[in-house]
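Quick look at final_18.cif (mmCIF, N, CA, C and O atoms):
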data_start
#
loop_
_atom_site.label_atom_id
_atom_site.label_comp_id
_atom_site.auth_asym_id
_atom_site.auth_seq_id
_atom_site.Cartn_x
_atom_site.Cartn_y
_atom_site.Cartn_z
N MET A 817 -3.27 12.22 -14.32
CA MET A 817 -2.98 11.03 -13.52
C MET A 817 -1.69 11.28 -12.74
O MET A 817 -0.67 11.62 -13.31
N THR A 818 -1.79 11.13 -11.45
CA THR A 818 -0.63 11.27 -10.57
C THR A 818 -0.11 9.88 -10.24
O THR A 818 -0.89 8.98 -9.96
N GLU A 819 1.21 9.72 -10.25
CA GLU A 819 1.80 8.42 -9.96
C GLU A 819 2.94 8.56 -8.95
O GLU A 819 3.60 9.60 -8.88
N ARG A 820 3.15 7.51 -8.19
CA ARG A 820 4.29 7.39 -7.28
C ARG A 820 4.81 5.96 -7.38
O ARG A 820 4.03 5.02 -7.53
N THR A 821 6.12 5.81 -7.27
CA THR A 821 6.74 4.48 -7.22
C THR A 821 7.43 4.34 -5.88
O THR A 821 8.11 5.26 -5.42
N VAL A 822 7.26 3.18 -5.25
CA VAL A 822 7.82 2.94 -3.93
C VAL A 822 8.17 1.45 -3.80
O VAL A 822 7.50 0.60 -4.38
N ALA A 823 9.23 1.18 -3.05
CA ALA A 823 9.60 -0.21 -2.74
C ALA A 823 8.85 -0.63 -1.48
O ALA A 823 8.79 0.12 -0.50
N VAL A 824 8.28 -1.81 -1.49
CA VAL A 824 7.51 -2.33 -0.36
C VAL A 824 8.49 -2.72 0.75
O VAL A 824 9.37 -3.55 0.56
N ALA A 825 8.31 -2.12 1.93
CA ALA A 825 9.26 -2.31 3.03
C ALA A 825 8.89 -3.46 3.96
O ALA A 825 9.74 -3.94 4.72
N SER A 826 7.66 -3.92 3.92
CA SER A 826 7.25 -4.99 4.84
C SER A 826 8.08 -6.25 4.58
O SER A 826 8.27 -6.64 3.43
N ARG A 827 8.52 -6.86 5.67
CA ARG A 827 9.40 -8.04 5.56
C ARG A 827 8.77 -9.18 4.78
O ARG A 827 9.48 -9.96 4.15
N VAL A 828 7.47 -9.31 4.83
CA VAL A 828 6.80 -10.40 4.12
C VAL A 828 6.14 -9.92 2.84
O VAL A 828 5.40 -10.65 2.20
N GLY A 829 6.41 -8.69 2.45
CA GLY A 829 5.78 -8.14 1.25
C GLY A 829 4.35 -7.74 1.55
O GLY A 829 3.97 -7.55 2.71
N LEU A 830 3.55 -7.63 0.52
CA LEU A 830 2.14 -7.24 0.72
C LEU A 830 1.27 -8.48 0.87
O LEU A 830 0.43 -8.78 0.03
N HIS A 831 1.49 -9.20 1.97
CA HIS A 831 0.65 -10.34 2.29
C HIS A 831 -0.45 -9.87 3.23
O HIS A 831 -0.68 -8.67 3.36
N ALA A 832 -1.13 -10.76 3.89
CA ALA A 832 -2.39 -10.48 4.58
C ALA A 832 -2.42 -9.18 5.40
O ALA A 832 -3.20 -8.27 5.11
N ARG A 833 -1.63 -9.09 6.45
CA ARG A 833 -1.73 -7.93 7.35
C ARG A 833 -1.31 -6.63 6.66
O ARG A 833 -2.06 -5.65 6.70
N PRO A 834 -0.14 -6.58 6.01
CA PRO A 834 0.23 -5.34 5.32
C PRO A 834 -0.77 -4.97 4.21
O PRO A 834 -1.09 -3.79 4.04
N ALA A 835 -1.28 -5.96 3.50
CA ALA A 835 -2.25 -5.67 2.44
C ALA A 835 -3.54 -5.12 3.03
O ALA A 835 -4.16 -4.20 2.47
N MET A 836 -3.96 -5.66 4.19
CA MET A 836 -5.17 -5.16 4.85
C MET A 836 -4.99 -3.69 5.26
O MET A 836 -5.85 -2.85 5.01
N LEU A 837 -3.85 -3.39 5.89
CA LEU A 837 -3.60 -2.00 6.31
C LEU A 837 -3.54 -1.07 5.11
O LEU A 837 -4.06 0.05 5.14
N PHE A 838 -2.90 -1.53 4.04
CA PHE A 838 -2.78 -0.71 2.83
C PHE A 838 -4.15 -0.47 2.20
O PHE A 838 -4.50 0.67 1.89
N THR A 839 -4.95 -1.50 2.03
CA THR A 839 -6.26 -1.33 1.37
C THR A 839 -7.20 -0.48 2.23
O THR A 839 -8.01 0.26 1.70
N GLN A 840 -7.09 -0.59 3.55
CA GLN A 840 -7.89 0.26 4.43
C GLN A 840 -7.50 1.73 4.25
O GLN A 840 -8.36 2.62 4.23
N ALA A 841 -6.21 1.99 4.12
CA ALA A 841 -5.74 3.37 3.90
C ALA A 841 -6.21 3.89 2.55
O ALA A 841 -6.57 5.06 2.43
N VAL A 842 -6.19 3.04 1.55
CA VAL A 842 -6.69 3.44 0.22
C VAL A 842 -8.16 3.82 0.32
O VAL A 842 -8.58 4.89 -0.16
N ALA A 843 -8.96 2.98 0.95
CA ALA A 843 -10.39 3.26 1.08
C ALA A 843 -10.64 4.55 1.86
O ALA A 843 -11.53 5.33 1.51
N ALA A 844 -9.85 4.79 2.88
CA ALA A 844 -10.02 6.00 3.70
C ALA A 844 -9.62 7.26 2.94
O ALA A 844 -10.09 8.36 3.26
N GLY A 845 -8.79 7.12 1.92
CA GLY A 845 -8.33 8.28 1.16
C GLY A 845 -9.42 8.92 0.31
O GLY A 845 -9.33 10.10 -0.03
N GLY A 846 -10.43 8.16 -0.04
CA GLY A 846 -11.55 8.72 -0.80
C GLY A 846 -11.25 9.00 -2.26
O GLY A 846 -12.00 9.72 -2.92
N VAL A 847 -10.15 8.45 -2.76
CA VAL A 847 -9.77 8.65 -4.16
C VAL A 847 -9.49 7.27 -4.75
O VAL A 847 -8.79 6.46 -4.13
N PRO A 848 -10.03 6.96 -5.94
CA PRO A 848 -9.70 5.68 -6.57
C PRO A 848 -8.20 5.59 -6.85
O PRO A 848 -7.61 6.51 -7.43
N VAL A 849 -7.57 4.50 -6.42
CA VAL A 849 -6.13 4.30 -6.57
C VAL A 849 -5.90 2.92 -7.20
O VAL A 849 -6.59 1.97 -6.87
N THR A 850 -4.91 2.87 -8.09
CA THR A 850 -4.49 1.58 -8.62
C THR A 850 -3.06 1.29 -8.18
O THR A 850 -2.31 2.21 -7.85
N ILE A 851 -2.72 0.01 -8.16
CA ILE A 851 -1.37 -0.43 -7.81
C ILE A 851 -0.93 -1.43 -8.87
O ILE A 851 -1.74 -2.25 -9.34
N ALA A 852 0.34 -1.34 -9.27
CA ALA A 852 0.86 -2.25 -10.28
C ALA A 852 2.32 -2.56 -10.02
O ALA A 852 3.06 -1.72 -9.51
N LYS A 853 2.72 -3.79 -10.34
CA LYS A 853 4.14 -4.15 -10.34
C LYS A 853 4.73 -3.60 -11.64
O LYS A 853 4.00 -3.31 -12.59
N ALA A 854 6.04 -3.48 -11.69
CA ALA A 854 6.70 -2.98 -12.90
C ALA A 854 6.29 -3.82 -14.11
O ALA A 854 6.42 -5.05 -14.09
N GLY A 855 5.76 -3.15 -15.12
CA GLY A 855 5.35 -3.83 -16.34
C GLY A 855 4.05 -4.59 -16.22
O GLY A 855 3.62 -5.24 -17.18
N GLY A 856 3.42 -4.53 -15.04
CA GLY A 856 2.18 -5.28 -14.81
C GLY A 856 0.93 -4.45 -15.05
O GLY A 856 1.00 -3.24 -15.26
N THR A 857 -0.18 -5.12 -15.01
CA THR A 857 -1.47 -4.47 -15.17
C THR A 857 -1.92 -3.88 -13.84
O THR A 857 -1.91 -4.58 -12.82
N PRO A 858 -2.31 -2.60 -13.83
CA PRO A 858 -2.80 -2.00 -12.58
C PRO A 858 -4.09 -2.66 -12.11
O PRO A 858 -4.93 -3.05 -12.93
N VAL A 859 -4.22 -2.77 -10.78
CA VAL A 859 -5.45 -3.30 -10.19
C VAL A 859 -5.97 -2.30 -9.16
O VAL A 859 -5.23 -1.42 -8.69
N ASP A 860 -7.23 -2.47 -8.79
CA ASP A 860 -7.87 -1.63 -7.77
C ASP A 860 -7.14 -1.83 -6.44
O ASP A 860 -7.14 -2.92 -5.87
N ALA A 861 -6.53 -0.75 -5.93
CA ALA A 861 -5.74 -0.84 -4.71
C ALA A 861 -6.60 -0.91 -3.46
O ALA A 861 -6.08 -1.14 -2.37
N SER A 862 -7.92 -0.75 -3.58
CA SER A 862 -8.78 -0.86 -2.40
C SER A 862 -9.24 -2.29 -2.17
O SER A 862 -9.89 -2.57 -1.17
N SER A 863 -8.90 -3.19 -3.08
CA SER A 863 -9.30 -4.59 -2.97
C SER A 863 -8.17 -5.43 -2.41
O SER A 863 -7.13 -5.61 -3.06
N ILE A 864 -8.35 -5.98 -1.21
CA ILE A 864 -7.30 -6.81 -0.61
C ILE A 864 -7.04 -8.04 -1.48
O ILE A 864 -5.90 -8.48 -1.61
N LEU A 865 -8.07 -8.56 -2.11
CA LEU A 865 -7.90 -9.73 -2.97
C LEU A 865 -7.02 -9.40 -4.17
O LEU A 865 -6.08 -10.14 -4.50
N PHE A 866 -7.29 -8.27 -4.82
CA PHE A 866 -6.48 -7.87 -5.97
C PHE A 866 -5.04 -7.58 -5.55
O PHE A 866 -4.09 -7.96 -6.24
N VAL A 867 -4.88 -6.88 -4.42
CA VAL A 867 -3.53 -6.52 -3.97
C VAL A 867 -2.74 -7.79 -3.64
O VAL A 867 -1.59 -7.95 -4.06
N MET A 868 -3.35 -8.72 -2.91
CA MET A 868 -2.63 -9.95 -2.55
C MET A 868 -2.35 -10.81 -3.78
O MET A 868 -1.35 -11.52 -3.82
N SER A 869 -3.22 -10.75 -4.79
CA SER A 869 -3.01 -11.55 -6.00
C SER A 869 -1.79 -11.10 -6.78
O SER A 869 -1.26 -11.87 -7.61
N LEU A 870 -1.28 -9.90 -6.53
CA LEU A 870 -0.07 -9.43 -7.21
C LEU A 870 1.18 -10.15 -6.70
O LEU A 870 2.20 -10.18 -7.37
N GLY A 871 1.11 -10.71 -5.48
CA GLY A 871 2.25 -11.46 -4.94
C GLY A 871 3.49 -10.59 -4.80
O GLY A 871 4.58 -10.99 -5.23
N ILE A 872 3.36 -9.45 -4.19
CA ILE A 872 4.44 -8.47 -4.10
C ILE A 872 5.35 -8.81 -2.91
O ILE A 872 4.92 -8.72 -1.76
N PRO A 873 6.61 -9.17 -3.16
CA PRO A 873 7.52 -9.49 -2.06
C PRO A 873 8.21 -8.23 -1.49
O PRO A 873 8.14 -7.15 -2.09
N HIS A 874 8.90 -8.41 -0.38
CA HIS A 874 9.69 -7.34 0.23
C HIS A 874 10.66 -6.76 -0.80
O HIS A 874 11.32 -7.50 -1.53
N GLY A 875 10.73 -5.45 -0.85
CA GLY A 875 11.70 -4.78 -1.71
C GLY A 875 11.27 -4.53 -3.13
O GLY A 875 11.94 -3.80 -3.86
N GLU A 876 10.18 -5.15 -3.57
CA GLU A 876 9.74 -4.94 -4.94
C GLU A 876 9.10 -3.55 -5.07
O GLU A 876 8.37 -3.10 -4.19
N GLU A 877 9.37 -2.90 -6.19
CA GLU A 877 8.78 -1.59 -6.44
C GLU A 877 7.40 -1.74 -7.06
O GLU A 877 7.18 -2.60 -7.92
N VAL A 878 6.50 -0.89 -6.59
CA VAL A 878 5.14 -0.84 -7.14
C VAL A 878 4.85 0.60 -7.54
O VAL A 878 5.44 1.54 -7.02
N THR A 879 3.94 0.75 -8.49
CA THR A 879 3.51 2.08 -8.91
C THR A 879 2.06 2.28 -8.51
O THR A 879 1.20 1.45 -8.81
N LEU A 880 1.83 3.37 -7.79
CA LEU A 880 0.49 3.76 -7.39
C LEU A 880 0.05 4.90 -8.30
O LEU A 880 0.85 5.78 -8.64
N ALA A 881 -1.22 4.90 -8.69
CA ALA A 881 -1.73 5.96 -9.55
C ALA A 881 -3.13 6.36 -9.08
O ALA A 881 -3.90 5.51 -8.62
N ALA A 882 -3.42 7.65 -9.21
CA ALA A 882 -4.73 8.17 -8.82
C ALA A 882 -5.01 9.45 -9.59
O ALA A 882 -4.09 10.12 -10.06
N ASP A 883 -6.28 9.77 -9.69
CA ASP A 883 -6.74 11.03 -10.29
C ASP A 883 -7.55 11.79 -9.26
O ASP A 883 -8.12 11.19 -8.35
N GLY A 884 -7.61 13.09 -9.42
CA GLY A 884 -8.46 13.89 -8.56
C GLY A 884 -7.69 14.94 -7.81
O GLY A 884 -6.45 14.91 -7.75
N PRO A 885 -8.43 15.87 -7.21
CA PRO A 885 -7.77 16.98 -6.52
C PRO A 885 -6.95 16.56 -5.30
O PRO A 885 -6.02 17.26 -4.93
N ASP A 886 -7.28 15.44 -4.67
CA ASP A 886 -6.53 14.96 -3.50
C ASP A 886 -5.53 13.87 -3.84
O ASP A 886 -4.96 13.25 -2.94
N ALA A 887 -5.31 13.62 -5.12
CA ALA A 887 -4.45 12.50 -5.51
C ALA A 887 -3.04 12.62 -4.93
O ALA A 887 -2.49 11.63 -4.43
N ASP A 888 -2.46 13.81 -4.97
CA ASP A 888 -1.09 13.97 -4.45
C ASP A 888 -1.03 13.64 -2.95
O ASP A 888 -0.16 12.90 -2.51
N ARG A 889 -1.98 14.18 -2.19
CA ARG A 889 -1.99 13.94 -0.74
C ARG A 889 -2.20 12.46 -0.43
O ARG A 889 -1.49 11.88 0.39
N VAL A 890 -3.15 11.84 -1.10
CA VAL A 890 -3.45 10.42 -0.85
C VAL A 890 -2.25 9.55 -1.22
O VAL A 890 -1.84 8.67 -0.45
N LEU A 891 -1.67 9.80 -2.38
CA LEU A 891 -0.53 8.97 -2.81
C LEU A 891 0.68 9.18 -1.91
O LEU A 891 1.40 8.23 -1.62
N ASP A 892 0.92 10.41 -1.47
CA ASP A 892 2.04 10.64 -0.54
C ASP A 892 1.86 9.83 0.74
O ASP A 892 2.81 9.23 1.25
N GLY A 893 0.63 9.78 1.27
CA GLY A 893 0.37 9.00 2.47
C GLY A 893 0.53 7.51 2.23
O GLY A 893 1.09 6.78 3.08
N LEU A 894 0.09 7.03 1.08
CA LEU A 894 0.21 5.60 0.77
C LEU A 894 1.67 5.20 0.56
O LEU A 894 2.09 4.11 0.96
N VAL A 895 2.44 6.09 -0.06
CA VAL A 895 3.87 5.81 -0.23
C VAL A 895 4.56 5.70 1.13
O VAL A 895 5.35 4.80 1.37
N GLU A 896 4.22 6.62 2.02
CA GLU A 896 4.80 6.58 3.37
C GLU A 896 4.42 5.27 4.07
O GLU A 896 5.26 4.65 4.74
N LEU A 897 3.20 4.83 3.89
CA LEU A 897 2.74 3.59 4.52
C LEU A 897 3.50 2.39 3.95
O LEU A 897 3.98 1.54 4.70
N LEU A 898 3.62 2.31 2.63
CA LEU A 898 4.31 1.17 2.01
C LEU A 898 5.81 1.18 2.29
O LEU A 898 6.46 0.13 2.25
N ALA A 899 6.36 2.34 2.59
CA ALA A 899 7.79 2.44 2.91
C ALA A 899 8.06 2.09 4.37
O ALA A 899 9.19 2.18 4.84
N THR A 900 7.02 1.67 5.09
CA THR A 900 7.12 1.27 6.49
C THR A 900 6.99 -0.24 6.58
O THR A 900 6.22 -0.85 5.84
N ASP A 901 7.74 -0.85 7.49
CA ASP A 901 7.59 -2.29 7.72
C ASP A 901 6.30 -2.50 8.51
O ASP A 901 6.28 -2.31 9.72
N LEU A 902 5.24 -2.86 7.83
CA LEU A 902 3.92 -2.99 8.46
C LEU A 902 3.81 -4.22 9.35
O LEU A 902 2.78 -4.43 9.97
N ASP A 903 4.85 -5.03 9.41
CA ASP A 903 4.86 -6.18 10.31
C ASP A 903 5.64 -5.89 11.58
O ASP A 903 5.65 -6.70 12.50
N ALA A 904 6.29 -4.73 11.65
CA ALA A 904 7.06 -4.37 12.84
C ALA A 904 6.12 -4.09 14.01
O ALA A 904 4.99 -3.64 13.81
N PRO A 905 6.57 -4.36 15.24
CA PRO A 905 5.70 -4.14 16.41
C PRO A 905 5.22 -2.70 16.52
O PRO A 905 4.12 -2.46 17.01
N GLU A 906 6.01 -1.73 16.06
CA GLU A 906 5.61 -0.34 16.18
C GLU A 906 4.78 0.14 14.99
O GLU A 906 4.38 1.30 14.93
N ALA A 907 4.47 -0.76 14.04
CA ALA A 907 3.72 -0.37 12.85
C ALA A 907 2.27 -0.04 13.20
O ALA A 907 1.74 -0.51 14.21
N PRO A 908 1.61 0.77 12.36
CA PRO A 908 0.21 1.11 12.60
C PRO A 908 -0.65 -0.15 12.71
O PRO A 908 -0.52 -1.07 11.91
N GLY A 909 -1.49 -0.19 13.73
CA GLY A 909 -2.43 -1.29 13.88
C GLY A 909 -1.87 -2.55 14.50
O GLY A 909 -2.56 -3.55 14.62
N SER A 910 -0.58 -2.54 14.92
CA SER A 910 -0.02 -3.74 15.54
C SER A 910 -0.58 -3.90 16.94
O SER A 910 -0.99 -2.94 17.58
N SER A 911 -0.58 -5.12 17.45
CA SER A 911 -1.13 -5.37 18.78
C SER A 911 -0.28 -4.69 19.85
O SER A 911 -0.79 -4.25 20.87
N THR A 912 1.03 -4.56 19.62
CA THR A 912 1.90 -3.89 20.58
C THR A 912 1.56 -2.41 20.65
O THR A 912 1.46 -1.85 21.72
N GLN A 913 1.31 -1.81 19.48
CA GLN A 913 0.98 -0.40 19.44
C GLN A 913 -0.39 -0.17 20.08
O GLN A 913 -0.58 0.78 20.83
N ALA A 914 -1.34 -1.07 19.83
CA ALA A 914 -2.68 -0.90 20.36
C ALA A 914 -2.69 -1.00 21.89
O ALA A 914 -3.49 -0.38 22.56
N ALA A 915 -1.75 -1.80 22.47
CA ALA A 915 -1.71 -1.99 23.92
C ALA A 915 -1.09 -0.81 24.63
O ALA A 915 -1.27 -0.63 25.83
N SER A 916 -0.32 0.01 23.93
CA SER A 916 0.35 1.12 24.60
C SER A 916 -0.47 2.36 24.62
O SER A 916 -1.51 2.47 24.15
#
Structure rendered as structure tokens:
Amino acid sequence: MTERTVAVASRVGLHARPAMLFTQAVAAGGVPVTIAKAGGTPVDASSILFVMSLGIPHGEEVTLAADGPDADRVLDGLVELLATDLDAPEAPGSSTQAAS
């Protein structure tokens, strides 16, 4: 089991838009991934409902875990994503970025 811990950089935490971008990235990774708050129960990180139910605010650390030959690559990408303010205009999938 490979694990990474990262602080959520999005200003609003993992609410609707950041959670959607995160769960889409998890699904695209092709590896089952879980996400958990410190001391919490891990949940399926590909489920936007499960991710949003964690109520993760800005700055809170989460632990991602995965198994498999691509686990390191997938988790490194997800850590990079969560370390980005996904609500910023230059963030992946923002309307400003899409227009440019």
message: With DSSP run on the backbone, what are the alpha helix (DSSP H) residues within segment 825-885 of chain A? I'd like them as an NGL selection string.
response: :A and (832-845 or 864-869)
What are the nearest atom pairs, with distances in Å to one decimal, for all residues of segment 850-911 of chain A that come at most 12 Å from segment 831-843 of chain A, using only C-alpha atoms, set out by chain and rising residue number as JSON lines?
{"residue": "A:Thr850", "atom": "CA", "partner": "A:Val842", "partner_atom": "CA", "distance": 9.3}
{"residue": "A:Ile851", "atom": "CA", "partner": "A:Val842", "partner_atom": "CA", "distance": 10.4}
{"residue": "A:Val859", "atom": "CA", "partner": "A:Thr839", "partner_atom": "CA", "distance": 11.8}
{"residue": "A:Asp860", "atom": "CA", "partner": "A:Thr839", "partner_atom": "CA", "distance": 9.3}
{"residue": "A:Ala861", "atom": "CA", "partner": "A:Thr839", "partner_atom": "CA", "distance": 6.1}
{"residue": "A:Ser862", "atom": "CA", "partner": "A:Thr839", "partner_atom": "CA", "distance": 4.6}
{"residue": "A:Ser863", "atom": "CA", "partner": "A:Thr839", "partner_atom": "CA", "distance": 6.2}
{"residue": "A:Ile864", "atom": "CA", "partner": "A:Thr839", "partner_atom": "CA", "distance": 5.9}
{"residue": "A:Leu865", "atom": "CA", "partner": "A:Ala835", "partner_atom": "CA", "distance": 8.8}
{"residue": "A:Phe866", "atom": "CA", "partner": "A:Ala835", "partner_atom": "CA", "distance": 9.7}
{"residue": "A:Val867", "atom": "CA", "partner": "A:Ala835", "partner_atom": "CA", "distance": 6.6}
{"residue": "A:Met868", "atom": "CA", "partner": "A:His831", "partner_atom": "CA", "distance": 5.9}
{"residue": "A:Ser869", "atom": "CA", "partner": "A:His831", "partner_atom": "CA", "distance": 9.1}
{"residue": "A:Leu870", "atom": "CA", "partner": "A:His831", "partner_atom": "CA", "distance": 9.6}
{"residue": "A:Gly871", "atom": "CA", "partner": "A:His831", "partner_atom": "CA", "distance": 7.5}
{"residue": "A:Ile872", "atom": "CA", "partner": "A:His831", "partner_atom": "CA", "distance": 7.7}
{"residue": "A:Pro873", "atom": "CA", "partner": "A:His831", "partner_atom": "CA", "distance": 8.2}
{"residue": "A:His874", "atom": "CA", "partner": "A:His831", "partner_atom": "CA", "distance": 9.7}
{"residue": "A:Leu880", "atom": "CA", "partner": "A:Val842", "partner_atom": "CA", "distance": 10.5}
{"residue": "A:Ala881", "atom": "CA", "partner": "A:Val842", "partner_atom": "CA", "distance": 11.2}
{"residue": "A:Ala882", "atom": "CA", "partner": "A:Val842", "partner_atom": "CA", "distance": 10.4}
{"residue": "A:Ala887", "atom": "CA", "partner": "A:Val842", "partner_atom": "CA", "distance": 11.0}
{"residue": "A:Arg889", "atom": "CA", "partner": "A:Val842", "partner_atom": "CA", "distance": 11.5}
{"residue": "A:Val890", "atom": "CA", "partner": "A:Val842", "partner_atom": "CA", "distance": 7.8}
{"residue": "A:Leu891", "atom": "CA", "partner": "A:Val842", "partner_atom": "CA", "distance": 8.8}
{"residue": "A:Asp892", "atom": "CA", "partner": "A:Val842", "partner_atom": "CA", "distance": 11.3}
{"residue": "A:Gly893", "atom": "CA", "partner": "A:Ala841", "partner_atom": "CA", "distance": 8.4}
{"residue": "A:Leu894", "atom": "CA", "partner": "A:Ala841", "partner_atom": "CA", "distance": 7.1}
{"residue": "A:Val895", "atom": "CA", "partner": "A:Phe838", "partner_atom": "CA", "distance": 9.8}
{"residue": "A:Glu896", "atom": "CA", "partner": "A:Phe838", "partner_atom": "CA", "distance": 10.5}
{"residue": "A:Leu897", "atom": "CA", "partner": "A:Phe838", "partner_atom": "CA", "distance": 7.2}
{"residue": "A:Leu898", "atom": "CA", "partner": "A:Phe838", "partner_atom": "CA", "distance": 7.4}
{"residue": "A:Ala899", "atom": "CA", "partner": "A:Phe838", "partner_atom": "CA", "distance": 11.0}
{"residue": "A:Thr900", "atom": "CA", "partner": "A:Pro834", "partner_atom": "CA", "distance": 9.6}
{"residue": "A:Asp901", "atom": "CA", "partner": "A:Pro834", "partner_atom": "CA", "distance": 8.3}
{"residue": "A:Leu902", "atom": "CA", "partner": "A:Pro834", "partner_atom": "CA", "distance": 5.4}
{"residue": "A:Asp903", "atom": "CA", "partner": "A:Pro834", "partner_atom": "CA", "distance": 6.9}
{"residue": "A:Ala904", "atom": "CA", "partner": "A:Pro834", "partner_atom": "CA", "distance": 10.2}
{"residue": "A:Ala907", "atom": "CA", "partner": "A:Pro834", "partner_atom": "CA", "distance": 9.7}
{"residue": "A:Pro908", "atom": "CA", "partner": "A:Leu837", "partner_atom": "CA", "distance": 8.0}
{"residue": "A:Gly909", "atom": "CA", "partner": "A:Leu837", "partner_atom": "CA", "distance": 7.7}
{"residue": "A:Ser910", "atom": "CA", "partner": "A:Arg833", "partner_atom": "CA", "distance": 9.4}
{"residue": "A:Ser911", "atom": "CA", "partner": "A:Arg833", "partner_atom": "CA", "distance": 11.7}
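Residues of segment 817-915 of chain A that DSSP, applied to the backbone, places in strand (DSSP E): Thr818, Glu819, Arg820, Thr821, Val822, Ala823, Val849, Thr850, Ile851, Ala852, Lys853, Val859, Asp860, Glu877, Val878, Thr879, Leu880, Ala881 and Ala882 of chain A.
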statement: Pairwise distance, atom CA of Ala825 of chain A with atom O of Pro885 of chain A, equals 26.1 Å
- prompt: If you count only C-alpha atoms, which residues fall within 7 Å of Lys853 of chain A, apart from same-chain ones fewer than 3 positions away, as an MDAnalysis selection string?
  reply: chainID A and resid 856 877:879
query: Could you work out how far atom O of Asp883 of chain A lies from atom CA of Pro848 of chain A, giving the answer in Å with one decimal?
result: 6.0 Å
task: Calculate how many Å separate atom CA of Val822 of chain A from atom CA of Glu906 of chain A, rounding to one decimal.
output: 20.5 Å
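Proximity ranking of A:Glu876, A:Asp886, A:Met817, A:Gly829 relative to Gly846 of chain A places A:Asp886 first, based on only N, CA, C and O atoms.
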- prompt: From the set A:Val849, A:Ala844, A:Gly875, A:Thr857, which residue has the shortest atom-to-atom contact distance to Arg827 of chain A, counting only N, CA, C and O atoms?
  reply: A:Gly875
Please rebuild segment 845-850 of chain A with all heavy atoms and return the result as a PDB file, keeping the file's coordinate frame.
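Writing the result to part-v3.pdb gives the following:
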ATOM      1  N   GLY A 845      -8.790   7.120   1.920  1.00  0.00           N
ATOM      2  CA  GLY A 845      -8.330   8.280   1.160  1.00  0.00           C
ATOM      3  C   GLY A 845      -9.420   8.920   0.310  1.00  0.00           C
ATOM      4  O   GLY A 845      -9.330  10.100  -0.030  1.00  0.00           O
ATOM      5  N   GLY A 846     -10.430   8.160  -0.040  1.00  0.00           N
ATOM      6  CA  GLY A 846     -11.550   8.720  -0.800  1.00  0.00           C
ATOM      7  C   GLY A 846     -11.250   9.000  -2.260  1.00  0.00           C
ATOM      8  O   GLY A 846     -12.000   9.720  -2.920  1.00  0.00           O
ATOM      9  N   VAL A 847     -10.150   8.450  -2.760  1.00  0.00           N
ATOM     10  CA  VAL A 847      -9.770   8.650  -4.160  1.00  0.00           C
ATOM     11  C   VAL A 847      -9.490   7.270  -4.750  1.00  0.00           C
ATOM     12  O   VAL A 847      -8.790   6.460  -4.130  1.00  0.00           O
ATOM     13  CB  VAL A 847      -8.482   9.506  -4.254  1.00  0.00           C
ATOM     14  CG1 VAL A 847      -7.980   9.601  -5.681  1.00  0.00           C
ATOM     15  CG2 VAL A 847      -8.716  10.888  -3.675  1.00  0.00           C
ATOM     16  N   PRO A 848     -10.030   6.960  -5.940  1.00  0.00           N
ATOM     17  CA  PRO A 848      -9.700   5.680  -6.570  1.00  0.00           C
ATOM     18  C   PRO A 848      -8.200   5.590  -6.850  1.00  0.00           C
ATOM     19  O   PRO A 848      -7.610   6.510  -7.430  1.00  0.00           O
ATOM     20  CB  PRO A 848     -10.499   5.686  -7.875  1.00  0.00           C
ATOM     21  CG  PRO A 848     -11.556   6.722  -7.681  1.00  0.00           C
ATOM     22  CD  PRO A 848     -10.976   7.736  -6.737  1.00  0.00           C
ATOM     23  N   VAL A 849      -7.570   4.500  -6.420  1.00  0.00           N
ATOM     24  CA  VAL A 849      -6.130   4.300  -6.570  1.00  0.00           C
ATOM     25  C   VAL A 849      -5.900   2.920  -7.200  1.00  0.00           C
ATOM     26  O   VAL A 849      -6.590   1.970  -6.870  1.00  0.00           O
ATOM     27  CB  VAL A 849      -5.417   4.350  -5.197  1.00  0.00           C
ATOM     28  CG1 VAL A 849      -3.922   4.067  -5.337  1.00  0.00           C
ATOM     29  CG2 VAL A 849      -5.648   5.695  -4.527  1.00  0.00           C
ATOM     30  N   THR A 850      -4.910   2.870  -8.090  1.00  0.00           N
ATOM     31  CA  THR A 850      -4.490   1.580  -8.620  1.00  0.00           C
ATOM     32  C   THR A 850      -3.060   1.290  -8.180  1.00  0.00           C
ATOM     33  O   THR A 850      -2.310   2.210  -7.850  1.00  0.00           O
ATOM     34  CB  THR A 850      -4.553   1.531 -10.162  1.00  0.00           C
ATOM     35  OG1 THR A 850      -3.659   2.517 -10.692  1.00  0.00           O
ATOM     36  CG2 THR A 850      -5.963   1.761 -10.670  1.00  0.00           C
TER      37      THR A 850
END
